[in-house]
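Below is upload17.txt, holding compact mmCIF, C-alpha atoms.
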```txt
# COMPACT_ATOMS: atom_id res chain seq x y z
CA MET M 1 -3.41 -14.00 22.27
CA LYS M 2 -3.89 -13.29 18.55
CA LYS M 3 -1.52 -10.36 18.77
CA THR M 4 1.10 -12.50 20.52
CA ILE M 5 0.91 -15.13 17.79
CA ALA M 6 1.07 -12.51 15.05
CA ILE M 7 4.20 -10.84 16.40
CA LEU M 8 5.94 -14.11 17.17
CA LEU M 9 5.42 -15.20 13.57
CA LEU M 10 6.68 -11.84 12.34
CA PHE M 11 9.76 -11.85 14.57
CA THR M 12 10.58 -15.48 13.81
CA SER M 13 10.36 -14.72 10.11
CA LEU M 14 12.78 -11.85 10.55
CA LEU M 15 15.29 -13.93 12.45
CA ILE M 16 15.13 -17.19 10.53
CA ASN M 17 14.32 -16.28 6.95
CA ALA M 18 16.15 -12.97 6.48
CA GLN M 19 17.55 -12.63 2.99
CA ALA M 20 19.43 -9.83 1.26
CA VAL M 21 16.89 -9.83 -1.60
CA ARG M 22 13.26 -10.78 -0.92
CA LYS M 23 10.36 -11.37 -3.27
CA TYR M 24 8.01 -9.81 -0.72
CA SER M 25 9.61 -6.90 1.12
CA ASN M 26 8.07 -3.74 2.60
CA GLU M 27 4.69 -5.16 1.58
CA PHE M 28 2.82 -2.66 3.75
CA MET M 29 3.68 -0.10 1.06
CA ASN M 30 1.69 -2.15 -1.49
CA ILE M 31 -1.65 -2.29 0.39
CA GLY M 32 -2.97 0.89 -1.18
CA VAL M 33 -4.55 4.15 -0.04
CA ASP M 34 -7.82 6.02 -0.64
CA ALA M 35 -11.12 4.14 -0.38
CA ALA M 36 -12.11 5.38 -3.84
CA ALA M 37 -9.11 3.66 -5.42
CA LEU M 38 -9.47 0.53 -3.30
CA GLY M 39 -13.11 0.23 -4.34
CA MET M 40 -11.85 0.01 -7.94
CA SER M 41 -9.30 -2.70 -7.04
CA ASN M 42 -6.46 -0.18 -7.36
CA ALA M 43 -6.94 0.22 -11.12
CA VAL M 44 -6.06 3.92 -11.02
CA THR M 45 -2.52 4.25 -12.42
CA GLY M 46 -3.68 5.93 -15.61
CA GLN M 47 -6.22 8.44 -14.28
CA THR M 48 -5.30 9.25 -10.67
CA GLY M 49 -5.29 13.02 -10.32
CA ASP M 50 -5.57 14.19 -6.72
CA VAL M 51 -3.60 14.32 -3.46
CA ASN M 52 -3.49 10.51 -3.38
CA SER M 53 -1.50 10.47 -6.62
CA GLY M 54 1.64 10.76 -4.49
CA TYR M 55 1.06 7.08 -3.75
CA TRP M 56 -0.52 5.78 -6.98
CA ASN M 57 1.39 7.78 -9.58
CA PRO M 58 3.10 11.07 -8.69
CA ALA M 59 2.56 12.37 -12.24
CA GLY M 60 -1.13 12.75 -11.35
CA LEU M 61 -0.36 15.55 -8.88
CA MET M 62 -0.35 17.91 -11.88
CA GLN M 63 -4.15 17.61 -12.03
CA ILE M 64 -4.55 19.34 -8.64
CA GLU M 65 -5.97 22.83 -9.03
CA ASP M 66 -4.81 24.29 -5.71
CA SER M 67 -4.04 22.22 -2.58
CA GLU M 68 -5.60 19.07 -1.12
CA ALA M 69 -5.36 16.90 1.99
CA ALA M 70 -6.46 13.31 2.63
CA LEU M 71 -6.88 10.91 5.54
CA MET M 72 -7.63 7.19 5.68
CA HIS M 73 -7.99 4.55 8.38
CA ALA M 74 -8.51 0.81 8.14
CA SER M 75 -8.37 -2.17 10.49
CA TYR M 76 -7.00 -5.51 9.32
CA PHE M 77 -7.00 -9.09 10.57
CA ALA M 78 -9.95 -8.84 12.97
CA ASN M 79 -8.79 -5.41 14.21
CA ILE M 80 -5.35 -6.71 15.21
CA ALA M 81 -3.49 -4.37 12.84
CA GLN M 82 -4.22 -0.70 12.21
CA TYR M 83 -3.47 1.04 8.92
CA ASP M 84 -3.38 4.84 8.78
CA TYR M 85 -2.56 7.27 5.99
CA ALA M 86 -2.31 11.05 5.67
CA ALA M 87 -1.29 13.19 2.69
CA TYR M 88 -0.98 16.78 1.54
CA ALA M 89 -0.30 18.12 -1.97
CA LYS M 90 -0.08 21.59 -3.51
CA LYS M 91 0.22 23.08 -6.97
CA ILE M 92 3.44 25.10 -7.37
CA ASP M 93 2.64 26.65 -10.75
CA ASP M 94 1.10 25.68 -14.07
CA ARG M 95 3.87 23.14 -14.72
CA SER M 96 4.77 21.68 -11.32
CA ALA M 97 3.32 20.35 -8.05
CA TRP M 98 4.56 18.66 -4.91
CA GLY M 99 3.18 16.39 -2.18
CA ILE M 100 3.99 14.55 1.01
CA SER M 101 2.36 11.49 2.57
CA MET M 102 2.75 9.12 5.50
CA ILE M 103 1.65 5.52 6.01
CA ARG M 104 1.66 3.58 9.28
CA PHE M 105 0.85 -0.11 9.55
CA GLY M 106 1.13 -1.36 13.11
CA VAL M 107 0.14 -3.84 15.77
CA ASP M 108 0.02 -2.31 19.25
CA ASN M 109 -0.10 -3.63 22.82
CA ILE M 110 1.53 -6.98 22.01
CA LEU M 111 2.29 -9.29 24.92
CA ASN M 112 6.03 -9.91 25.31
CA THR M 113 6.21 -13.33 26.97
CA THR M 114 9.90 -14.03 26.23
CA GLN M 115 10.73 -13.52 29.92
CA LEU M 116 7.67 -15.29 31.31
CA ILE M 117 9.75 -18.11 32.80
CA ASP M 118 12.60 -17.12 35.12
CA ASN M 119 15.98 -18.82 35.50
CA GLN M 120 14.55 -21.31 38.02
CA GLY M 121 11.83 -22.43 35.62
CA ASN M 122 9.04 -20.60 37.48
CA ILE M 123 6.24 -18.82 35.62
CA ASP M 124 6.05 -15.18 36.68
CA TYR M 125 3.29 -13.16 35.01
CA ASN M 126 4.84 -9.93 36.32
CA ARG M 127 7.60 -10.46 33.77
CA ILE M 128 5.13 -9.93 30.88
CA SER M 129 5.40 -6.55 29.16
CA LEU M 130 3.77 -4.82 26.20
CA PHE M 131 5.33 -3.55 22.99
CA SER M 132 4.35 -2.53 19.46
CA THR M 133 5.52 -3.30 15.97
CA ALA M 134 5.01 -0.68 13.30
CA ASP M 135 6.02 0.07 9.73
CA TYR M 136 6.22 3.67 8.53
CA GLY M 137 6.49 5.00 4.99
CA PHE M 138 7.21 8.68 4.30
CA THR M 139 6.92 9.79 0.67
CA PHE M 140 7.99 13.11 -0.85
CA SER M 141 6.59 13.68 -4.37
CA TYR M 142 7.29 16.08 -7.19
CA ALA M 143 5.42 16.30 -10.50
CA ARG M 144 6.05 18.33 -13.65
CA ARG M 145 4.57 18.93 -17.08
CA PRO M 146 7.29 19.30 -19.76
CA THR M 147 6.92 22.17 -22.20
CA LEU M 148 7.55 20.20 -25.39
CA ALA M 149 5.25 17.20 -24.84
CA GLU M 150 1.55 18.06 -24.89
CA GLY M 151 -0.55 15.79 -22.65
CA LEU M 152 2.47 14.27 -20.87
CA THR M 153 3.36 14.62 -17.18
CA TYR M 154 5.92 12.88 -15.02
CA GLY M 155 6.56 12.55 -11.31
CA VAL M 156 9.14 11.26 -8.84
CA ASN M 157 8.79 9.89 -5.31
CA ALA M 158 11.55 9.79 -2.70
CA LYS M 159 10.66 7.31 0.05
CA ILE M 160 11.92 6.81 3.58
CA ILE M 161 10.98 3.52 5.26
CA ARG M 162 11.08 3.08 9.02
CA ARG M 163 10.28 -0.32 10.57
CA VAL M 164 10.25 -1.02 14.31
CA ILE M 165 9.72 -4.29 16.20
CA GLY M 166 9.54 -3.13 19.82
CA LYS M 167 13.03 -2.88 21.25
CA PHE M 168 14.09 -6.05 19.42
CA ALA M 169 14.94 -4.58 16.02
CA ASN M 170 14.48 -1.58 13.77
CA SER M 171 15.44 -0.53 10.26
CA TRP M 172 15.75 2.44 7.92
CA GLY M 173 15.16 2.18 4.20
CA PHE M 174 15.37 4.48 1.19
CA GLY M 175 13.99 4.21 -2.34
CA PHE M 176 12.55 6.02 -5.38
CA ASP M 177 9.50 5.71 -7.64
CA PHE M 178 8.93 7.20 -11.09
CA GLY M 179 5.60 7.78 -12.83
CA LEU M 180 4.28 8.95 -16.19
CA GLN M 181 0.82 9.93 -17.39
CA TYR M 182 -0.33 10.74 -20.90
CA GLU M 183 -3.73 11.97 -22.07
CA LYS M 184 -5.02 11.90 -25.65
CA ASP M 185 -8.53 11.88 -27.09
CA ASP M 186 -10.20 11.24 -23.69
CA TRP M 187 -7.94 8.25 -23.06
CA HIS M 188 -5.61 8.26 -20.06
CA TYR M 189 -2.44 6.18 -19.90
CA GLY M 190 -0.13 5.71 -16.95
CA VAL M 191 3.12 4.00 -15.98
CA MET M 192 4.30 3.63 -12.39
CA LEU M 193 7.75 2.19 -11.63
CA ARG M 194 8.08 1.40 -7.93
CA ASP M 195 11.45 1.04 -6.18
CA ILE M 196 13.23 1.72 -9.49
CA THR M 197 16.67 1.75 -7.83
CA THR M 198 15.54 -0.99 -5.39
CA THR M 199 14.64 0.09 -1.86
CA TYR M 200 17.45 -0.69 0.55
CA ASN M 201 16.66 -1.43 4.22
CA VAL M 202 19.33 -1.69 6.90
CA TRP M 203 18.34 -3.50 10.11
CA ALA M 204 19.75 -2.93 13.59
CA ILE M 205 19.06 -5.80 16.00
CA ASP M 206 19.45 -5.59 19.78
CA GLU M 207 22.05 -8.30 20.40
CA ASP M 208 21.21 -8.68 24.09
CA LYS M 209 17.53 -9.30 23.41
CA TYR M 210 18.38 -11.56 20.48
CA ASN M 211 20.75 -13.66 22.60
CA ALA M 212 18.07 -13.95 25.28
CA ILE M 213 15.64 -15.74 22.95
CA LYS M 214 17.77 -17.28 20.20
CA ASP M 215 17.91 -20.67 21.97
CA ALA M 216 14.19 -20.78 22.75
CA VAL M 217 13.79 -23.49 20.10
CA ALA M 218 16.61 -26.02 20.04
CA GLY M 219 18.59 -25.95 16.83
CA GLN M 220 16.93 -22.76 15.56
CA ASN M 221 17.98 -19.10 15.41
CA GLN M 222 21.64 -19.90 16.10
CA ALA M 223 23.11 -17.44 13.57
CA PRO M 224 22.36 -13.70 13.64
CA PRO M 225 20.06 -12.66 10.78
CA GLU M 226 21.29 -10.61 7.85
CA SER M 227 21.19 -6.88 8.45
CA THR M 228 20.22 -5.78 4.92
CA GLU M 229 17.05 -6.17 2.89
CA ILE M 230 16.41 -5.15 -0.71
CA THR M 231 12.99 -4.51 -2.24
CA LEU M 232 12.94 -5.37 -5.94
CA PRO M 233 11.38 -3.03 -8.54
CA LYS M 234 7.75 -3.39 -9.65
CA ALA M 235 5.85 -1.83 -12.54
CA GLN M 236 2.22 -0.88 -13.12
CA LEU M 237 0.62 0.01 -16.44
CA GLY M 238 -2.81 1.64 -16.55
CA ILE M 239 -5.34 2.78 -19.14
CA SER M 240 -8.73 4.38 -18.57
CA ARG M 241 -11.50 6.38 -20.16
CA LYS M 242 -14.47 8.31 -18.80
CA PHE M 243 -17.79 8.27 -20.65
CA GLU M 244 -20.53 10.88 -20.13
CA PHE M 245 -24.27 10.28 -20.54
CA ASP M 246 -26.88 13.09 -20.63
CA HIS M 247 -24.51 15.45 -18.76
CA ASP M 248 -25.51 13.92 -15.42
CA TYR M 249 -24.09 10.42 -15.54
CA THR M 250 -20.48 9.32 -15.98
CA LEU M 251 -18.78 5.96 -16.20
CA LEU M 252 -15.06 5.58 -15.67
CA ALA M 253 -13.57 2.24 -16.82
CA ALA M 254 -9.95 1.41 -15.98
CA VAL M 255 -7.54 -1.48 -16.41
CA ASN M 256 -4.24 -2.04 -14.62
CA LEU M 257 -1.44 -4.53 -15.28
CA ASN M 258 0.59 -5.02 -12.09
CA MET M 259 3.97 -6.55 -12.86
CA GLN M 260 6.71 -8.11 -10.74
CA PHE M 261 10.05 -9.17 -12.17
CA ALA M 262 9.97 -12.62 -10.60
CA ARG M 263 7.73 -15.68 -10.57
CA THR M 264 4.69 -15.35 -8.30
CA ASN M 265 1.23 -16.94 -8.13
CA ALA M 266 -0.14 -14.39 -10.62
CA ILE M 267 -2.20 -15.89 -13.44
CA PHE M 268 0.27 -14.72 -16.09
CA GLY M 269 3.91 -15.28 -15.38
CA SER M 270 7.34 -16.72 -15.97
CA ASP M 271 10.60 -16.76 -14.09
CA ALA M 272 11.33 -13.26 -15.43
CA LEU M 273 7.93 -11.56 -15.21
CA SER M 274 4.55 -12.03 -13.50
CA ILE M 275 1.46 -10.02 -14.43
CA ASP M 276 -1.62 -9.52 -12.24
CA PRO M 277 -4.48 -7.64 -13.99
CA ALA M 278 -7.06 -5.46 -12.26
CA LEU M 279 -10.29 -3.97 -13.58
CA GLY M 280 -12.23 -1.10 -12.01
CA PHE M 281 -15.39 0.93 -12.63
CA ASP M 282 -16.63 4.23 -11.20
CA PHE M 283 -20.24 5.26 -11.93
CA GLY M 284 -21.03 8.87 -11.03
CA TYR M 285 -24.17 10.98 -10.83
CA THR M 286 -23.86 14.78 -11.20
CA ASP M 287 -20.33 14.59 -9.75
CA LEU M 288 -22.01 14.13 -6.37
CA VAL M 289 -22.58 10.40 -5.73
CA PHE M 290 -20.35 7.56 -6.92
CA LEU M 291 -20.73 3.79 -7.03
CA ARG M 292 -17.54 1.77 -7.57
CA ALA M 293 -16.60 -1.84 -8.21
CA GLY M 294 -13.47 -3.71 -9.14
CA VAL M 295 -11.80 -7.07 -9.33
CA GLY M 296 -8.11 -7.90 -9.08
CA ASN M 297 -5.44 -9.91 -7.27
CA PHE M 298 -5.92 -12.93 -9.51
CA GLN M 299 -3.87 -15.78 -8.04
CA LYS M 300 -3.31 -19.39 -9.00
CA VAL M 301 -3.81 -21.59 -5.94
CA GLU M 302 -3.10 -25.30 -5.64
CA GLN M 303 -5.76 -27.28 -3.80
CA ILE M 304 -5.21 -30.13 -1.34
CA ASP M 305 -6.12 -32.67 -4.03
CA GLY M 306 -3.45 -31.24 -6.34
CA THR M 307 -5.82 -29.38 -8.66
CA LYS M 308 -5.40 -25.68 -9.30
CA LYS M 309 -7.92 -22.86 -9.23
CA VAL M 310 -7.84 -19.12 -9.74
CA ASN M 311 -8.79 -16.91 -6.80
CA PHE M 312 -9.59 -13.25 -7.16
CA GLN M 313 -10.39 -10.25 -4.99
CA PRO M 314 -13.68 -8.39 -5.55
CA ASN M 315 -14.12 -4.89 -4.15
CA ILE M 316 -17.00 -2.43 -4.05
CA GLY M 317 -17.28 1.15 -2.87
CA LEU M 318 -19.38 4.27 -2.45
CA GLY M 319 -18.45 7.94 -2.59
CA PHE M 320 -19.99 11.32 -1.88
CA LYS M 321 -18.53 14.70 -2.84
CA TYR M 322 -19.87 18.12 -1.98
CA LYS M 323 -18.17 21.54 -2.15
CA GLY M 324 -14.66 20.14 -2.31
CA ILE M 325 -15.10 17.53 0.44
CA ALA M 326 -15.14 13.87 -0.61
CA VAL M 327 -16.02 10.99 1.71
CA ASP M 328 -15.39 7.50 0.35
CA TYR M 329 -16.03 3.97 1.54
CA ALA M 330 -14.72 0.63 0.26
CA LEU M 331 -15.49 -2.96 1.16
CA THR M 332 -12.44 -5.02 0.23
CA ASP M 333 -11.65 -8.71 0.30
CA LEU M 334 -8.31 -9.40 1.96
CA GLY M 335 -7.82 -13.00 0.88
CA ASP M 336 -9.48 -16.02 -0.70
CA GLN M 337 -12.98 -14.85 -1.60
CA SER M 338 -14.41 -18.05 -0.11
CA ALA M 339 -13.21 -16.97 3.33
CA ALA M 340 -15.15 -13.69 3.17
CA LEU M 341 -12.46 -11.80 5.09
CA TYR M 342 -13.68 -8.32 4.27
CA SER M 343 -12.46 -5.01 5.60
CA ASN M 344 -14.34 -1.71 5.81
CA ILE M 345 -12.24 1.26 4.72
CA PHE M 346 -13.09 4.96 4.99
CA SER M 347 -11.22 7.94 3.64
CA VAL M 348 -11.69 11.69 3.43
CA LYS M 349 -10.28 14.11 0.85
CA VAL M 350 -10.56 17.89 1.10
CA ASP M 351 -9.90 20.58 -1.49
CA LEU M 352 -8.43 23.21 0.82
CA SER M 353 -9.22 26.04 -1.59
CA VAL M 354 -12.88 25.88 -0.48
CA PHE M 355 -11.90 27.44 2.87
CA ARG M 356 -10.43 30.57 1.29
```
Starting from the file, lay out its structure as structure tokens.
Amino acid sequence: MKKTIAILLLFTSLLINAQAVRKYSNEFMNIGVDAAALGMSNAVTGQTGDVNSGYWNPAGLMQIEDSEAALMHASYFANIAQYDYAAYAKKIDDRSAWGISMIRFGVDNILNTTQLIDNQGNIDYNRISLFSTADYGFTFSYARRPTLAEGLTYGVNAKIIRRVIGKFANSWGFGFDFGLQYEKDDWHYGVMLRDITTTYNVWAIDEDKYNAIKDAVAGQNQAPPESTEITLPKAQLGISRKFEFDHDYTLLAAVNLNMQFARTNAIFGSDALSIDPALGFDFGYTDLVFLRAGVGNFQKVEQIDGTKKVNFQPNIGLGFKYKGIAVDYALTDLGDQSAALYSNIFSVKVDLSVFR
């Protein structure tokens, strides 16, 4: 029943509220990957430097020593939706690297009850079928270190977006990201520009299936939805520094400024720009065990009585690394912290050079 409600809301939103330009589009690409990064509330733009950099900032791929692979799985909304991620990256030479990654966010085995009632008004449960809705993101990354700028690296992502809503509708989308990292005096700085050319999605809707349900609610869904969707650019700025104590203990502190070029519920914003800060910490012992914490997603929320409050998202995490294999865990808050809607996320990262 929960899955049926979820997909009906999703499909209704597609049909009724489709716009050429949307403030929130392809949002599954903004959830994040890697439990280590999620445990720090995604404050990793400046220092990310492994296979997961293809998502966070492709410039960080230059920090890979050989080749790496990563996997992650998470369940959302009381296990209704499944989120999966896989990535591979490899060093080309001393001044370049490449990577590829895939994200899938989907709801499976959804009840299709649009044909539950036949033409005579009779309920026939044999007319119920199952379908899935899934969003896919494929990212191809390239990073390079220029010869004339010491401490500077840059990277580019080419993204292919595939979205499928059963046999009702599907779309293809294309976009690009650009990232920079700069290191000086133990400080790390990063810039990530997402969807810099806008990401353009083109929808194809099954007209027969649309016509079969468009009159389900009188006066609604009369006009076909728009077939194009544009994801607006976003920017992330990051700064971090790692401190060492007695050669065994380390503390990484990082700050991110996540920016959208539109008004949102972020605590800092105007009609032209909204800024959502994030703060993360990573405490390590002998490069073996890690304890992480972070806070982000600060949002201004209006209460029923008209007053406003600021909500935020706290995250914590644990990590263990041994002989090139890292296993990480994050406990993340998916919404208003008062609701305690937490999700358990696990990820694995492997330095493939250890098997040679």
**Prompt:** Pick the closest to Asp328 of chain M from M:Lys349, M:Lys167, M:Arg263, M:Arg127: which is it, counting all atoms listed in the file?
**Reply:** M:Lys349
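Rounded to one decimal, atom CA of Arg144 of chain M and atom CA of Arg95 of chain M lie 5.4 Å from each other.
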Quick one: contact table of segment 32-128 of chain M to segment 247-258 of chain M, 8 Å max, nearest atom pair and distance in Å to one decimal per residue, counting only C-alpha atoms, chain and number order, as a tab-separated table?
```
residue	atom	partner	partner_atom	distance
M:Asn42	CA	M:Asn256	CA	7.8
M:Ala43	CA	M:Asn256	CA	5.0
M:Val44	CA	M:Ala254	CA	6.8
M:Thr45	CA	M:Asn256	CA	6.9
M:Gly46	CA	M:Ala254	CA	7.7
```
Residue selection dump (C-alpha atoms) as an mmCIF file, in the coordinates of the input:
```cif
data_model
loop_
_atom_site.group_PDB
_atom_site.id
_atom_site.type_symbol
_atom_site.label_atom_id
_atom_site.label_comp_id
_atom_site.auth_asym_id
_atom_site.auth_seq_id
_atom_site.Cartn_x
_atom_site.Cartn_y
_atom_site.Cartn_z
ATOM 1 C CA ASN M 42 -6.460 -0.180 -7.360
ATOM 2 C CA ALA M 43 -6.940 0.220 -11.120
ATOM 3 C CA VAL M 44 -6.060 3.920 -11.020
ATOM 4 C CA THR M 45 -2.520 4.250 -12.420
ATOM 5 C CA GLY M 46 -3.680 5.930 -15.610
#
```
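Ranking M:Ala204, M:Val107, M:Leu180, M:Ile123 by their shortest atom-to-atom distance to Ile80 of chain M, with all atoms listed in the file included, puts M:Val107 first.
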**Request:** Please measure the separation of atom CA of Tyr85 of chain M and atom CA of Ser129 of chain M, giving the value in Å to one decimal.
**Result:**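 Atom CA of Ser129 of chain M lies 28.1 Å from atom CA of Tyr85 of chain M.
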**Message:** Need the shell around segment 151-157 of chain M: protein/DNA/RNA residues with any atom at most 12 Å away, counting only C-alpha atoms. Skip same-chain ones fewer than 4 positions apart. Format as number ranges by chain?
**Reply:** M: 46-47, 49, 53-63, 94-101, 137-147, 174-197, 199
**Request:** Do a neighbour search on segment 160-166 of chain M at 6 Å with all atoms listed in the file, toss out local chain neighbours closer than 3 positions, and write the hits as a list in words.
**Result:**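 Listed by chain and then number, they are Phe131, Ser132, Thr133, Ala134, Asp135, Tyr136, Gly137, Phe138, Ala169, Asn170, Ser171, Trp172, Gly173 and Phe174 of chain M.
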**Request:** State, in Å with one decimal place, the distance from atom CA of Ala235 of chain M to atom CA of Ser25 of chain M.
**Result:** 15.0 Å
**Complete:** Shortest contact to Asn297 of chain M, candidates M:Asn26, M:Thr228, M:Ser41, M:Asn126, atoms counted only C-alpha atoms, goes to M:Ser41
**Prompt:** When distances are computed from all atoms listed in the file, which of M:Gln115, M:Lys234, M:Asp287, M:Phe28 shows the smallest separation from Ala81 of chain M?
**Reply:**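 Nearest to Ala81 of chain M: M:Phe28.
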What box, with edges along x, y and z, holds each listed atom of segment 65-69 of chain M when 5 Å is added on every side, and can you state its centre and edge lengths in Å to one decimal, as JSON?
```
{"center_x": -5.0, "center_y": 20.6, "center_z": -3.5, "size_x": 11.9, "size_y": 17.4, "size_z": 21.0}
```
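With distances taken over all atoms listed in the file, M:Leu318 is the one residue among M:Leu318, M:Val295, M:Val202, M:Ala86 lying closest to Asp282 of chain M.
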**Message:** For Asn265 of chain M, find every residue with an atom within 9 Å (counting only C-alpha atoms), except residues of its own chain fewer than 6 positions away, and show them as a list in words.
**Reply:** Ser274, Asp276, Phe298, Gln299, Lys300 and Val301 of chain M
Preceding selection exported with C-alpha atoms as a short mmCIF file (atom, residue, chain, number, x, y, z; two decimals), in the frame of the given file:
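File out_38.cif, as written:
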```
data_model
loop_
_atom_site.label_atom_id
_atom_site.label_comp_id
_atom_site.auth_asym_id
_atom_site.auth_seq_id
_atom_site.Cartn_x
_atom_site.Cartn_y
_atom_site.Cartn_z
CA SER M 274 4.55 -12.03 -13.50
CA ASP M 276 -1.62 -9.52 -12.24
CA PHE M 298 -5.92 -12.93 -9.51
CA GLN M 299 -3.87 -15.78 -8.04
CA LYS M 300 -3.31 -19.39 -9.00
CA VAL M 301 -3.81 -21.59 -5.94
#
```
**Asked** From the list M:Ser353, M:Ser227, M:Asn344, M:Asn112, which residue is nearest Asp34 of chain M when using only C-alpha atoms?
**Response**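 The shortest atom-to-atom distance to Asp34 of chain M comes from M:Asn344.
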Around the point (-17.3, 10.3, -0.1) in the file's coordinates, collect all residues with an atom within 8 Å, using all atoms listed in the file, and return them as a PDB file with C-alpha atoms, in the frame of the given file.
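Printed below is result-v1.pdb as written:
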```
ATOM      1  CA  VAL M 289     -22.580  10.400  -5.730  1.00  0.00           C
ATOM      2  CA  PHE M 290     -20.350   7.560  -6.920  1.00  0.00           C
ATOM      3  CA  LEU M 318     -19.380   4.270  -2.450  1.00  0.00           C
ATOM      4  CA  GLY M 319     -18.450   7.940  -2.590  1.00  0.00           C
ATOM      5  CA  PHE M 320     -19.990  11.320  -1.880  1.00  0.00           C
ATOM      6  CA  LYS M 321     -18.530  14.700  -2.840  1.00  0.00           C
ATOM      7  CA  ILE M 325     -15.100  17.530   0.440  1.00  0.00           C
ATOM      8  CA  ALA M 326     -15.140  13.870  -0.610  1.00  0.00           C
ATOM      9  CA  VAL M 327     -16.020  10.990   1.710  1.00  0.00           C
ATOM     10  CA  ASP M 328     -15.390   7.500   0.350  1.00  0.00           C
ATOM     11  CA  TYR M 329     -16.030   3.970   1.540  1.00  0.00           C
ATOM     12  CA  SER M 347     -11.220   7.940   3.640  1.00  0.00           C
ATOM     13  CA  VAL M 348     -11.690  11.690   3.430  1.00  0.00           C
TER      14      VAL M 348
END
```
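Using all atoms listed in the file, the set of residues no farther than 12 Å from the position (-8.5, -19.2, -7.6) comprises Asn265, Ala266, Ile267, Gly296, Asn297, Phe298, Gln299, Lys300, Val301, Glu302, Gln303, Thr307, Lys308, Lys309, Val310, Asn311, Phe312, Gln313, Gly335, Asp336, Gln337 and Ser338 of chain M.
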